[in-house]
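Asker: Pasting start-v2.tsv here (TSV, N, CA and C atoms):
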chain	number	residue	atom	x	y	z
A	1	HIS	N	-15.58	11.02	5.74
A	1	HIS	CA	-15.50	12.19	4.90
A	1	HIS	C	-16.33	12.06	3.65
A	2	ASP	N	-16.94	10.91	3.45
A	2	ASP	CA	-17.77	10.67	2.27
A	2	ASP	C	-19.11	10.13	2.77
A	3	VAL	N	-20.15	10.91	2.65
A	3	VAL	CA	-21.47	10.50	3.11
A	3	VAL	C	-22.40	10.44	1.91
A	4	SER	N	-22.97	9.29	1.66
A	4	SER	CA	-23.91	9.10	0.54
A	4	SER	C	-23.29	9.49	-0.80
A	5	GLY	N	-21.99	9.23	-0.97
A	5	GLY	CA	-21.34	9.52	-2.24
A	5	GLY	C	-20.98	10.98	-2.44
A	6	VAL	N	-21.20	11.82	-1.44
A	6	VAL	CA	-20.89	13.25	-1.55
A	6	VAL	C	-19.70	13.56	-0.65
A	7	ARG	N	-18.64	14.08	-1.22
A	7	ARG	CA	-17.45	14.40	-0.46
A	7	ARG	C	-17.65	15.70	0.31
A	8	ASP	N	-17.38	15.67	1.59
A	8	ASP	CA	-17.51	16.85	2.43
A	8	ASP	C	-16.32	17.78	2.17
A	9	PRO	N	-16.54	19.00	1.73
A	9	PRO	CA	-15.43	19.91	1.42
A	9	PRO	C	-14.58	20.26	2.64
A	10	ARG	N	-15.10	20.08	3.83
A	10	ARG	CA	-14.32	20.39	5.03
A	10	ARG	C	-13.23	19.37	5.28
A	11	TRP	N	-13.34	18.17	4.66
A	11	TRP	CA	-12.35	17.12	4.87
A	11	TRP	C	-10.97	17.55	4.40
A	12	SER	N	-10.88	18.23	3.27
A	12	SER	CA	-9.58	18.69	2.75
A	12	SER	C	-8.91	19.63	3.74
A	13	LEU	N	-9.69	20.53	4.33
A	13	LEU	CA	-9.14	21.45	5.32
A	13	LEU	C	-8.69	20.69	6.57
A	14	LEU	N	-9.52	19.78	7.05
A	14	LEU	CA	-9.18	19.02	8.24
A	14	LEU	C	-7.92	18.18	8.03
A	15	SER	N	-7.83	17.49	6.90
A	15	SER	CA	-6.63	16.67	6.66
A	15	SER	C	-5.40	17.55	6.46
A	16	GLY	N	-5.57	18.74	5.89
A	16	GLY	CA	-4.45	19.68	5.80
A	16	GLY	C	-3.97	20.12	7.17
A	17	LEU	N	-4.89	20.40	8.06
A	17	LEU	CA	-4.52	20.79	9.43
A	17	LEU	C	-3.88	19.62	10.18
A	18	MET	N	-4.28	18.39	9.85
A	18	MET	CA	-3.63	17.22	10.45
A	18	MET	C	-2.17	17.15	10.00
A	19	CYS	N	-1.91	17.52	8.75
A	19	CYS	CA	-0.51	17.59	8.28
A	19	CYS	C	0.27	18.58	9.14
A	20	PHE	N	-0.33	19.74	9.39
A	20	PHE	CA	0.32	20.77	10.20
A	20	PHE	C	0.60	20.25	11.61
A	21	ALA	N	-0.38	19.57	12.20
A	21	ALA	CA	-0.25	19.10	13.58
A	21	ALA	C	0.72	17.93	13.71
A	22	LEU	N	0.80	17.06	12.71
A	22	LEU	CA	1.60	15.84	12.83
A	22	LEU	C	2.95	15.91	12.14
A	23	ALA	N	3.30	17.05	11.57
A	23	ALA	CA	4.61	17.18	10.91
A	23	ALA	C	5.71	16.84	11.90
A	24	PRO	N	6.72	16.13	11.51
A	24	PRO	CA	7.16	15.72	10.17
A	24	PRO	C	6.72	14.31	9.78
A	25	ASN	N	5.66	13.79	10.37
A	25	ASN	CA	5.26	12.40	10.15
A	25	ASN	C	4.47	12.24	8.85
A	26	PHE	N	5.20	12.04	7.76
A	26	PHE	CA	4.59	11.88	6.45
A	26	PHE	C	5.15	10.63	5.78
A	27	ALA	N	4.30	9.90	5.05
A	27	ALA	CA	4.72	8.70	4.35
A	27	ALA	C	4.13	8.70	2.94
A	28	MET	N	4.87	8.13	1.99
A	28	MET	CA	4.39	7.97	0.62
A	28	MET	C	4.12	6.50	0.37
A	29	HIS	N	2.96	6.20	-0.20
A	29	HIS	CA	2.59	4.82	-0.51
A	29	HIS	C	3.49	4.28	-1.62
A	30	HIS	N	3.95	3.06	-1.45
A	30	HIS	CA	4.81	2.42	-2.45
A	30	HIS	C	4.04	1.29	-3.13
A	31	SER	N	3.64	0.28	-2.39
A	31	SER	CA	2.85	-0.83	-2.93
A	31	SER	C	2.25	-1.61	-1.76
A	32	ALA	N	1.07	-2.17	-1.98
A	32	ALA	CA	0.37	-2.93	-0.94
A	32	ALA	C	0.42	-2.14	0.38
A	33	ARG	N	1.00	-2.70	1.45
A	33	ARG	CA	1.11	-2.00	2.73
A	33	ARG	C	2.40	-1.22	2.84
A	34	LYS	N	3.27	-1.31	1.86
A	34	LYS	CA	4.60	-0.68	1.95
A	34	LYS	C	4.53	0.82	1.69
A	35	VAL	N	5.24	1.57	2.53
A	35	VAL	CA	5.35	3.02	2.41
A	35	VAL	C	6.80	3.42	2.69
A	36	VAL	N	7.11	4.65	2.33
A	36	VAL	CA	8.37	5.27	2.75
A	36	VAL	C	7.96	6.35	3.75
A	37	ALA	N	8.33	6.17	5.00
A	37	ALA	CA	7.92	7.08	6.08
A	37	ALA	C	9.12	7.87	6.56
A	38	THR	N	9.05	9.18	6.39
A	38	THR	CA	10.14	10.09	6.76
A	38	THR	C	11.49	9.55	6.29
A	39	GLY	N	11.51	9.06	5.05
A	39	GLY	CA	12.74	8.60	4.43
A	39	GLY	C	13.13	7.17	4.72
A	40	GLU	N	12.32	6.43	5.46
A	40	GLU	CA	12.65	5.06	5.87
A	40	GLU	C	11.57	4.08	5.39
A	41	GLN	N	12.00	2.91	4.92
A	41	GLN	CA	11.04	1.88	4.50
A	41	GLN	C	10.18	1.48	5.70
A	42	ALA	N	8.88	1.37	5.49
A	42	ALA	CA	7.96	0.99	6.56
A	42	ALA	C	6.73	0.34	5.93
A	43	GLN	N	5.78	0.01	6.76
A	43	GLN	CA	4.51	-0.49	6.25
A	43	GLN	C	3.37	0.01	7.13
A	44	VAL	N	2.18	0.05	6.54
A	44	VAL	CA	1.00	0.44	7.29
A	44	VAL	C	0.70	-0.69	8.27
A	45	HIS	N	0.52	-0.36	9.54
A	45	HIS	CA	0.28	-1.36	10.58
A	45	HIS	C	-1.00	-2.13	10.27
A	46	ARG	N	-1.00	-3.41	10.58
A	46	ARG	CA	-2.15	-4.28	10.29
A	46	ARG	C	-3.43	-3.83	11.01
A	47	SER	N	-3.30	-3.12	12.12
A	47	SER	CA	-4.49	-2.66	12.85
A	47	SER	C	-5.11	-1.41	12.25
A	48	SER	N	-4.46	-0.81	11.27
A	48	SER	CA	-4.95	0.43	10.66
A	48	SER	C	-6.18	0.16	9.80
A	49	VAL	N	-7.11	1.11	9.80
A	49	VAL	CA	-8.28	0.97	8.92
A	49	VAL	C	-7.87	1.07	7.46
A	50	ALA	N	-6.69	1.63	7.18
A	50	ALA	CA	-6.18	1.70	5.81
A	50	ALA	C	-5.63	0.36	5.34
A	51	CYS	N	-5.49	-0.58	6.25
A	51	CYS	CA	-4.92	-1.89	5.93
A	51	CYS	C	-6.05	-2.91	5.76
A	52	THR	N	-6.28	-3.30	4.52
A	52	THR	CA	-7.29	-4.32	4.24
A	52	THR	C	-6.62	-5.51	3.56
A	53	ARG	N	-7.27	-6.63	3.60
A	53	ARG	CA	-6.68	-7.84	3.00
A	53	ARG	C	-6.72	-7.81	1.47
A	54	ASN	N	-7.72	-7.17	0.90
A	54	ASN	CA	-7.94	-7.30	-0.53
A	54	ASN	C	-7.58	-6.07	-1.36
A	55	SER	N	-7.55	-4.90	-0.77
A	55	SER	CA	-7.38	-3.70	-1.58
A	55	SER	C	-6.44	-2.70	-0.91
A	56	TYR	N	-5.51	-2.20	-1.69
A	56	TYR	CA	-4.60	-1.15	-1.23
A	56	TYR	C	-4.65	0.01	-2.20
A	57	VAL	N	-5.85	0.38	-2.59
A	57	VAL	CA	-6.05	1.51	-3.49
A	57	VAL	C	-6.47	2.69	-2.64
A	58	PHE	N	-5.69	3.76	-2.71
A	58	PHE	CA	-5.95	4.94	-1.89
A	58	PHE	C	-6.23	6.13	-2.79
A	59	PRO	N	-7.08	7.06	-2.37
A	59	PRO	CA	-7.37	8.24	-3.19
A	59	PRO	C	-6.12	9.10	-3.44
A	60	GLN	N	-5.21	9.14	-2.46
A	60	GLN	CA	-3.98	9.93	-2.57
A	60	GLN	C	-2.80	9.03	-2.25
A	61	CYS	N	-1.61	9.45	-2.67
A	61	CYS	CA	-0.42	8.60	-2.46
A	61	CYS	C	0.29	8.89	-1.14
A	62	GLY	N	-0.19	9.86	-0.37
A	62	GLY	CA	0.49	10.21	0.87
A	62	GLY	C	-0.33	9.85	2.10
A	63	PHE	N	0.39	9.72	3.22
A	63	PHE	CA	-0.24	9.50	4.52
A	63	PHE	C	0.43	10.42	5.54
A	64	VAL	N	-0.35	10.96	6.43
A	64	VAL	CA	0.18	11.60	7.61
A	64	VAL	C	-0.14	10.64	8.75
A	65	PHE	N	0.81	10.47	9.67
A	65	PHE	CA	0.62	9.46	10.71
A	65	PHE	C	1.04	9.99	12.06
A	66	GLU	N	0.50	9.36	13.11
A	66	GLU	CA	0.80	9.78	14.48
A	66	GLU	C	2.00	9.04	15.05
A	67	GLU	N	2.14	7.76	14.70
A	67	GLU	CA	3.15	6.95	15.38
A	67	GLU	C	3.90	6.05	14.39
A	68	LYS	N	5.22	6.02	14.53
A	68	LYS	CA	6.06	5.08	13.79
A	68	LYS	C	6.73	4.20	14.82
A	69	LEU	N	6.55	2.88	14.67
A	69	LEU	CA	7.09	1.98	15.68
A	69	LEU	C	7.81	0.81	15.02
A	70	ARG	N	8.80	0.31	15.73
A	70	ARG	CA	9.54	-0.87	15.29
A	70	ARG	C	8.82	-2.08	15.85
A	71	THR	N	8.17	-2.84	14.96
A	71	THR	CA	7.39	-4.00	15.39
A	71	THR	C	8.25	-5.25	15.54
A	72	LYS	N	9.35	-5.31	14.80
A	72	LYS	CA	10.33	-6.38	14.88
A	72	LYS	C	11.69	-5.73	14.61
A	73	PRO	N	12.78	-6.39	14.89
A	73	PRO	CA	14.09	-5.77	14.64
A	73	PRO	C	14.28	-5.31	13.19
A	74	TRP	N	13.58	-5.92	12.23
A	74	TRP	CA	13.75	-5.59	10.82
A	74	TRP	C	12.51	-4.90	10.22
A	75	SER	N	11.51	-4.59	11.04
A	75	SER	CA	10.25	-4.09	10.52
A	75	SER	C	9.78	-2.83	11.24
A	76	VAL	N	9.39	-1.82	10.46
A	76	VAL	CA	8.86	-0.56	10.98
A	76	VAL	C	7.44	-0.39	10.45
A	77	SER	N	6.51	0.03	11.31
A	77	SER	CA	5.13	0.25	10.90
A	77	SER	C	4.70	1.66	11.29
A	78	ILE	N	3.69	2.16	10.57
A	78	ILE	CA	3.07	3.44	10.94
A	78	ILE	C	1.63	3.15	11.37
A	79	ARG	N	1.17	3.90	12.38
A	79	ARG	CA	-0.19	3.73	12.89
A	79	ARG	C	-0.86	5.09	13.00
A	80	SER	N	-2.18	5.03	13.14
A	80	SER	CA	-3.01	6.23	13.26
A	80	SER	C	-2.73	7.16	12.09
A	81	ASN	N	-3.01	6.66	10.88
A	81	ASN	CA	-2.69	7.41	9.68
A	81	ASN	C	-3.93	7.87	8.94
A	82	THR	N	-3.76	8.93	8.16
A	82	THR	CA	-4.82	9.49	7.34
A	82	THR	C	-4.25	9.76	5.95
A	83	ASN	N	-5.00	9.42	4.94
A	83	ASN	CA	-4.58	9.62	3.57
A	83	ASN	C	-4.64	11.11	3.21
A	84	VAL	N	-3.54	11.65	2.69
A	84	VAL	CA	-3.47	13.06	2.29
A	84	VAL	C	-2.72	13.17	0.96
A	85	SER	N	-2.88	14.30	0.30
A	85	SER	CA	-2.18	14.51	-0.96
A	85	SER	C	-0.81	15.14	-0.71
A	86	PRO	N	0.13	14.94	-1.62
A	86	PRO	CA	1.43	15.60	-1.48
A	86	PRO	C	1.32	17.12	-1.44
A	87	VAL	N	0.35	17.69	-2.15
A	87	VAL	CA	0.17	19.15	-2.12
A	87	VAL	C	-0.26	19.60	-0.72
A	88	GLN	N	-1.13	18.83	-0.06
A	88	GLN	CA	-1.50	19.18	1.31
A	88	GLN	C	-0.27	19.16	2.21
A	89	TRP	N	0.61	18.16	1.99
A	89	TRP	CA	1.83	18.09	2.79
A	89	TRP	C	2.71	19.30	2.52
A	90	LEU	N	2.86	19.66	1.25
A	90	LEU	CA	3.70	20.80	0.90
A	90	LEU	C	3.16	22.09	1.51
A	91	LEU	N	1.84	22.24	1.51
A	91	LEU	CA	1.23	23.46	2.06
A	91	LEU	C	1.23	23.51	3.58
A	92	PHE	N	0.98	22.39	4.24
A	92	PHE	CA	0.75	22.41	5.68
A	92	PHE	C	1.80	21.69	6.52
A	93	GLY	N	2.53	20.74	5.96
A	93	GLY	CA	3.35	19.89	6.82
A	93	GLY	C	4.84	19.93	6.62
A	94	CYS	N	5.29	20.29	5.42
A	94	CYS	CA	6.74	20.17	5.16
A	94	CYS	C	7.54	21.15	6.02
A	95	LEU	N	8.74	20.71	6.37
A	95	LEU	CA	9.63	21.55	7.17
A	95	LEU	C	10.62	22.31	6.30
A	96	SER	N	10.96	21.74	5.13
A	96	SER	CA	11.88	22.42	4.21
A	96	SER	C	11.59	21.96	2.79
A	97	ALA	N	11.94	22.80	1.82
A	97	ALA	CA	11.77	22.46	0.42
A	97	ALA	C	12.82	23.19	-0.40
A	98	SER	N	13.38	22.49	-1.38
A	98	SER	CA	14.34	23.10	-2.30
A	98	SER	C	14.03	22.59	-3.70
A	99	TYR	N	14.43	23.38	-4.70
A	99	TYR	CA	14.12	23.02	-6.08
A	99	TYR	C	15.39	22.65	-6.82
A	100	ASP	N	15.37	21.50	-7.49
A	100	ASP	CA	16.47	21.03	-8.33
A	100	ASP	C	16.06	21.26	-9.77
A	101	SER	N	16.59	22.32	-10.41
A	101	SER	CA	16.17	22.68	-11.77
A	101	SER	C	16.58	21.64	-12.80
A	102	ALA	N	17.70	20.95	-12.59
A	102	ALA	CA	18.15	19.93	-13.54
A	102	ALA	C	17.16	18.77	-13.60
A	103	GLN	N	16.61	18.39	-12.46
A	103	GLN	CA	15.65	17.27	-12.38
A	103	GLN	C	14.20	17.74	-12.44
A	104	GLU	N	13.98	19.07	-12.39
A	104	GLU	CA	12.64	19.65	-12.27
A	104	GLU	C	11.88	18.99	-11.13
A	105	THR	N	12.55	18.96	-9.97
A	105	THR	CA	12.02	18.27	-8.80
A	105	THR	C	12.11	19.18	-7.58
A	106	VAL	N	11.05	19.18	-6.79
A	106	VAL	CA	11.07	19.84	-5.49
A	106	VAL	C	11.44	18.77	-4.48
A	107	MET	N	12.52	18.97	-3.73
A	107	MET	CA	12.92	18.01	-2.70
A	107	MET	C	12.33	18.50	-1.38
A	108	VAL	N	11.39	17.74	-0.86
A	108	VAL	CA	10.67	18.13	0.35
A	108	VAL	C	11.26	17.40	1.55
A	109	ASP	N	11.59	18.13	2.57
A	109	ASP	CA	12.12	17.59	3.83
A	109	ASP	C	13.37	16.74	3.64
A	110	GLY	N	14.08	16.95	2.55
A	110	GLY	CA	15.34	16.27	2.32
A	110	GLY	C	15.23	14.82	1.87
A	111	TRP	N	14.01	14.30	1.68
A	111	TRP	CA	13.88	12.90	1.27
A	111	TRP	C	12.77	12.64	0.26
A	112	LEU	N	11.84	13.55	0.10
A	112	LEU	CA	10.67	13.31	-0.73
A	112	LEU	C	10.75	14.13	-2.02
A	113	PRO	N	11.09	13.49	-3.15
A	113	PRO	CA	11.13	14.24	-4.41
A	113	PRO	C	9.74	14.36	-5.02
A	114	MET	N	9.37	15.58	-5.42
A	114	MET	CA	8.10	15.83	-6.09
A	114	MET	C	8.41	16.46	-7.45
A	115	LYS	N	7.97	15.81	-8.52
A	115	LYS	CA	8.14	16.38	-9.85
A	115	LYS	C	7.22	17.58	-9.97
A	116	GLY	N	7.73	18.64	-10.58
A	116	GLY	CA	6.86	19.78	-10.74
A	116	GLY	C	7.53	20.98	-11.36
A	117	ASN	N	6.72	21.92	-11.72
A	117	ASN	CA	7.13	23.17	-12.32
A	117	ASN	C	7.64	24.13	-11.25
A	118	PHE	N	8.72	24.83	-11.54
A	118	PHE	CA	9.32	25.75	-10.57
A	118	PHE	C	8.33	26.83	-10.13
A	119	GLU	N	7.62	27.44	-11.07
A	119	GLU	CA	6.69	28.53	-10.74
A	119	GLU	C	5.56	28.04	-9.83
A	120	VAL	N	5.07	26.84	-10.10
A	120	VAL	CA	4.01	26.27	-9.26
A	120	VAL	C	4.55	26.00	-7.85
A	121	ALA	N	5.76	25.45	-7.77
A	121	ALA	CA	6.37	25.17	-6.46
A	121	ALA	C	6.57	26.46	-5.67
A	122	VAL	N	7.08	27.49	-6.32
A	122	VAL	CA	7.28	28.78	-5.65
A	122	VAL	C	5.95	29.35	-5.17
A	123	GLY	N	4.92	29.24	-6.02
A	123	GLY	CA	3.59	29.73	-5.64
A	123	GLY	C	3.02	28.99	-4.45
A	124	LEU	N	3.16	27.67	-4.44
A	124	LEU	CA	2.67	26.88	-3.32
A	124	LEU	C	3.41	27.21	-2.03
A	125	LEU	N	4.73	27.36	-2.13
A	125	LEU	CA	5.51	27.69	-0.93
A	125	LEU	C	5.20	29.10	-0.43
A	126	ALA	N	4.92	30.03	-1.33
A	126	ALA	CA	4.51	31.38	-0.92
A	126	ALA	C	3.15	31.33	-0.22
A	127	LEU	N	2.24	30.54	-0.79
A	127	LEU	CA	0.92	30.37	-0.17
A	127	LEU	C	1.07	29.72	1.20
A	128	ARG	N	2.01	28.78	1.31
A	128	ARG	CA	2.27	28.13	2.61
A	128	ARG	C	2.64	29.17	3.67
A	129	GLY	N	3.51	30.10	3.31
A	129	GLY	CA	3.89	31.15	4.25
A	129	GLY	C	2.70	31.96	4.74
A	130	CYS	N	1.80	32.28	3.81
A	130	CYS	CA	0.59	33.03	4.19
A	130	CYS	C	-0.32	32.20	5.09
A	131	LEU	N	-0.49	30.92	4.75
A	131	LEU	CA	-1.34	30.04	5.56
A	131	LEU	C	-0.78	29.87	6.98
A	132	LEU	N	0.54	29.73	7.09
A	132	LEU	CA	1.14	29.57	8.40
A	132	LEU	C	0.94	30.81	9.26
A	133	LYS	N	0.98	31.99	8.65
A	133	LYS	CA	0.71	33.23	9.41
A	133	LYS	C	-0.72	33.25	9.93
A	134	LEU	N	-1.67	32.73	9.12
A	134	LEU	CA	-3.07	32.68	9.56
A	134	LEU	C	-3.28	31.69	10.69
A	135	ILE	N	-2.59	30.54	10.61
A	135	ILE	CA	-2.77	29.47	11.59
A	135	ILE	C	-2.14	29.82	12.92
A	136	LYS	N	-0.96	30.44	12.89
A	136	LYS	CA	-0.23	30.70	14.15
A	136	LYS	C	-0.73	31.90	14.87
Take the structure in this file and express it as structure tokens.

Answerer:
Amino acid sequence: HDVSGVRDPRWSLLSGLMCFALAPNFAMHHSARKVVATGEQAQVHRSSVACTRNSYVFPQCGFVFEEKLRTKPWSVSIRSNTNVSPVQWLLFGCLSASYDSAQETVMVDGWLPMKGNFEVAVGLLALRGCLLKLIK
């Protein structure tokens, strides 16, 4: 998605559509290879191109993934993942969202808290409805 230092604007649309296609498979980066995947502690699988020995710096804090597997009785990994933003997930992938005014938090899919303004959240969710009508 990055050729000669120039970001292809189509990448944002493609990764958004991947959120739509792979819902509800979303994970938030925690540290190193550790993520929270659909509400459960997991890690990026060692075979993933996102998994490097020296660097775990990602442009966005979210991942959409194809497969979650139990690699050991105590270990869960995600594979075939793509880095996406939480806003892309909110627009294209989330199954439900509610707003907690006391915490100023949008609770996405019952497990992912997103800090934010109520008006912005309502606007994004309204835009989501319009986008879903176009896609379907």

Asker: Separation of atom N of Cys61 of chain A and atom N of Met28 of chain A, in Å?

Answerer: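 Atom-to-atom, atom N of Cys61 of chain A and atom N of Met28 of chain A are spaced 8.1 Å apart.
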
Asker: Within 8 Å of (-2.9, 8.6, 7.9) in the file's own coordinates, which protein, DNA or RNA residues have an atom, counting only N, CA and C atoms? List them as a list of chain:residue names.

Answerer: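 Selection result: A:Ala27, A:Ala50, A:Gly62, A:Phe63, A:Val64, A:Phe65, A:Glu66, A:Ile78, A:Arg79, A:Ser80, A:Asn81, A:Thr82, A:Asn83, A:Val84.
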
Asker: List the neighbours of Gln41 of chain A out to 8 Å using all atoms listed in the file; skip same-chain residues closer than 6 positions along the sequence, and give me the result as a list in words.

Answerer: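 In the requested format, the answer is Lys34, Val35, Ser75, Val76 and Ser77 of chain A.
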
Asker: Using only C-alpha atoms for the distances, tell me which of A:Asp109, A:Trp11, A:Leu69, A:Ser55 is nearest to Phe26 of chain A.

Answerer: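 Of A:Asp109, A:Trp11, A:Leu69, A:Ser55, the one nearest Phe26 of chain A, counting only C-alpha atoms, is A:Asp109.
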
Asker: Could you pull out the residues in chain A that DSSP calls helix (DSSP H, G or I) from the backbone, as a JSON list (two decimals) with N, CA and C atoms, keeping the file's coordinate frame?

Answerer:
[["chain", "number", "residue", "atom", "x", "y", "z"],
["A", 10, "ARG", "N", -15.10, 20.08, 3.83],
["A", 10, "ARG", "CA", -14.32, 20.39, 5.03],
["A", 10, "ARG", "C", -13.23, 19.37, 5.28],
["A", 11, "TRP", "N", -13.34, 18.17, 4.66],
["A", 11, "TRP", "CA", -12.35, 17.12, 4.87],
["A", 11, "TRP", "C", -10.97, 17.55, 4.40],
["A", 12, "SER", "N", -10.88, 18.23, 3.27],
["A", 12, "SER", "CA", -9.58, 18.69, 2.75],
["A", 12, "SER", "C", -8.91, 19.63, 3.74],
["A", 13, "LEU", "N", -9.69, 20.53, 4.33],
["A", 13, "LEU", "CA", -9.14, 21.45, 5.32],
["A", 13, "LEU", "C", -8.69, 20.69, 6.57],
["A", 14, "LEU", "N", -9.52, 19.78, 7.05],
["A", 14, "LEU", "CA", -9.18, 19.02, 8.24],
["A", 14, "LEU", "C", -7.92, 18.18, 8.03],
["A", 15, "SER", "N", -7.83, 17.49, 6.90],
["A", 15, "SER", "CA", -6.63, 16.67, 6.66],
["A", 15, "SER", "C", -5.40, 17.55, 6.46],
["A", 16, "GLY", "N", -5.57, 18.74, 5.89],
["A", 16, "GLY", "CA", -4.45, 19.68, 5.80],
["A", 16, "GLY", "C", -3.97, 20.12, 7.17],
["A", 17, "LEU", "N", -4.89, 20.40, 8.06],
["A", 17, "LEU", "CA", -4.52, 20.79, 9.43],
["A", 17, "LEU", "C", -3.88, 19.62, 10.18],
["A", 18, "MET", "N", -4.28, 18.39, 9.85],
["A", 18, "MET", "CA", -3.63, 17.22, 10.45],
["A", 18, "MET", "C", -2.17, 17.15, 10.00],
["A", 19, "CYS", "N", -1.91, 17.52, 8.75],
["A", 19, "CYS", "CA", -0.51, 17.59, 8.28],
["A", 19, "CYS", "C", 0.27, 18.58, 9.14],
["A", 20, "PHE", "N", -0.33, 19.74, 9.39],
["A", 20, "PHE", "CA", 0.32, 20.77, 10.20],
["A", 20, "PHE", "C", 0.60, 20.25, 11.61],
["A", 21, "ALA", "N", -0.38, 19.57, 12.20],
["A", 21, "ALA", "CA", -0.25, 19.10, 13.58],
["A", 21, "ALA", "C", 0.72, 17.93, 13.71],
["A", 22, "LEU", "N", 0.80, 17.06, 12.71],
["A", 22, "LEU", "CA", 1.60, 15.84, 12.83],
["A", 22, "LEU", "C", 2.95, 15.91, 12.14],
["A", 86, "PRO", "N", 0.13, 14.94, -1.62],
["A", 86, "PRO", "CA", 1.43, 15.60, -1.48],
["A", 86, "PRO", "C", 1.32, 17.12, -1.44],
["A", 87, "VAL", "N", 0.35, 17.69, -2.15],
["A", 87, "VAL", "CA", 0.17, 19.15, -2.12],
["A", 87, "VAL", "C", -0.26, 19.60, -0.72],
["A", 88, "GLN", "N", -1.13, 18.83, -0.06],
["A", 88, "GLN", "CA", -1.50, 19.18, 1.31],
["A", 88, "GLN", "C", -0.27, 19.16, 2.21],
["A", 89, "TRP", "N", 0.61, 18.16, 1.99],
["A", 89, "TRP", "CA", 1.83, 18.09, 2.79],
["A", 89, "TRP", "C", 2.71, 19.30, 2.52],
["A", 90, "LEU", "N", 2.86, 19.66, 1.25],
["A", 90, "LEU", "CA", 3.70, 20.80, 0.90],
["A", 90, "LEU", "C", 3.16, 22.09, 1.51],
["A", 91, "LEU", "N", 1.84, 22.24, 1.51],
["A", 91, "LEU", "CA", 1.23, 23.46, 2.06],
["A", 91, "LEU", "C", 1.23, 23.51, 3.58],
["A", 92, "PHE", "N", 0.98, 22.39, 4.24],
["A", 92, "PHE", "CA", 0.75, 22.41, 5.68],
["A", 92, "PHE", "C", 1.80, 21.69, 6.52],
["A", 93, "GLY", "N", 2.53, 20.74, 5.96],
["A", 93, "GLY", "CA", 3.35, 19.89, 6.82],
["A", 93, "GLY", "C", 4.84, 19.93, 6.62],
["A", 118, "PHE", "N", 8.72, 24.83, -11.54],
["A", 118, "PHE", "CA", 9.32, 25.75, -10.57],
["A", 118, "PHE", "C", 8.33, 26.83, -10.13],
["A", 119, "GLU", "N", 7.62, 27.44, -11.07],
["A", 119, "GLU", "CA", 6.69, 28.53, -10.74],
["A", 119, "GLU", "C", 5.56, 28.04, -9.83],
["A", 120, "VAL", "N", 5.07, 26.84, -10.10],
["A", 120, "VAL", "CA", 4.01, 26.27, -9.26],
["A", 120, "VAL", "C", 4.55, 26.00, -7.85],
["A", 121, "ALA", "N", 5.76, 25.45, -7.77],
["A", 121, "ALA", "CA", 6.37, 25.17, -6.46],
["A", 121, "ALA", "C", 6.57, 26.46, -5.67],
["A", 122, "VAL", "N", 7.08, 27.49, -6.32],
["A", 122, "VAL", "CA", 7.28, 28.78, -5.65],
["A", 122, "VAL", "C", 5.95, 29.35, -5.17],
["A", 123, "GLY", "N", 4.92, 29.24, -6.02],
["A", 123, "GLY", "CA", 3.59, 29.73, -5.64],
["A", 123, "GLY", "C", 3.02, 28.99, -4.45],
["A", 124, "LEU", "N", 3.16, 27.67, -4.44],
["A", 124, "LEU", "CA", 2.67, 26.88, -3.32],
["A", 124, "LEU", "C", 3.41, 27.21, -2.03],
["A", 125, "LEU", "N", 4.73, 27.36, -2.13],
["A", 125, "LEU", "CA", 5.51, 27.69, -0.93],
["A", 125, "LEU", "C", 5.20, 29.10, -0.43],
["A", 126, "ALA", "N", 4.92, 30.03, -1.33],
["A", 126, "ALA", "CA", 4.51, 31.38, -0.92],
["A", 126, "ALA", "C", 3.15, 31.33, -0.22],
["A", 127, "LEU", "N", 2.24, 30.54, -0.79],
["A", 127, "LEU", "CA", 0.92, 30.37, -0.17],
["A", 127, "LEU", "C", 1.07, 29.72, 1.20],
["A", 128, "ARG", "N", 2.01, 28.78, 1.31],
["A", 128, "ARG", "CA", 2.27, 28.13, 2.61],
["A", 128, "ARG", "C", 2.64, 29.17, 3.67],
["A", 129, "GLY", "N", 3.51, 30.10, 3.31],
["A", 129, "GLY", "CA", 3.89, 31.15, 4.25],
["A", 129, "GLY", "C", 2.70, 31.96, 4.74],
["A", 130, "CYS", "N", 1.80, 32.28, 3.81],
["A", 130, "CYS", "CA", 0.59, 33.03, 4.19],
["A", 130, "CYS", "C", -0.32, 32.20, 5.09],
["A", 131, "LEU", "N", -0.49, 30.92, 4.75],
["A", 131, "LEU", "CA", -1.34, 30.04, 5.56],
["A", 131, "LEU", "C", -0.78, 29.87, 6.98],
["A", 132, "LEU", "N", 0.54, 29.73, 7.09],
["A", 132, "LEU", "CA", 1.14, 29.57, 8.40],
["A", 132, "LEU", "C", 0.94, 30.81, 9.26],
["A", 133, "LYS", "N", 0.98, 31.99, 8.65],
["A", 133, "LYS", "CA", 0.71, 33.23, 9.41],
["A", 133, "LYS", "C", -0.72, 33.25, 9.93],
["A", 134, "LEU", "N", -1.67, 32.73, 9.12],
["A", 134, "LEU", "CA", -3.07, 32.68, 9.56],
["A", 134, "LEU", "C", -3.28, 31.69, 10.69],
["A", 135, "ILE", "N", -2.59, 30.54, 10.61],
["A", 135, "ILE", "CA", -2.77, 29.47, 11.59],
["A", 135, "ILE", "C", -2.14, 29.82, 12.92]]

Asker: For Ala32 of chain A, which residue out of A:Ser15, A:Ser47, A:Ser101, A:Thr52 is the nearest one, using only N, CA and C atoms?

Answerer: A:Thr52

Asker: Nearest to Ser31 of chain A among A:Tyr56, A:Thr71, A:Leu127, A:Ser85, with distances taken over only N, CA and C atoms: which residue is it?

Answerer: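 Of all the options, A:Tyr56 lies closest to Ser31 of chain A.
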
Asker: A:Val87, A:Met114, A:Leu124, A:Met107: which is nearest Gly16 of chain A, counting only N, CA and C atoms?

Answerer: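 Counting only N, CA and C atoms, the residue closest to Gly16 of chain A is A:Val87.
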
Asker: Between A:Thr38, A:Thr105, A:Ser12, A:Gln60, single out the one closest to Phe118 of chain A, counting only N, CA and C atoms.

Answerer: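 The shortest atom-to-atom distance to Phe118 of chain A comes from A:Thr105.
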
Asker: Name the closest residue to Leu132 of chain A among the candidates A:Asn117, A:Leu112, A:Val106, A:Leu91; distances are taken between atoms, counting only N, CA and C atoms.

Answerer: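 Of A:Asn117, A:Leu112, A:Val106, A:Leu91, the one nearest Leu132 of chain A, counting only N, CA and C atoms, is A:Leu91.
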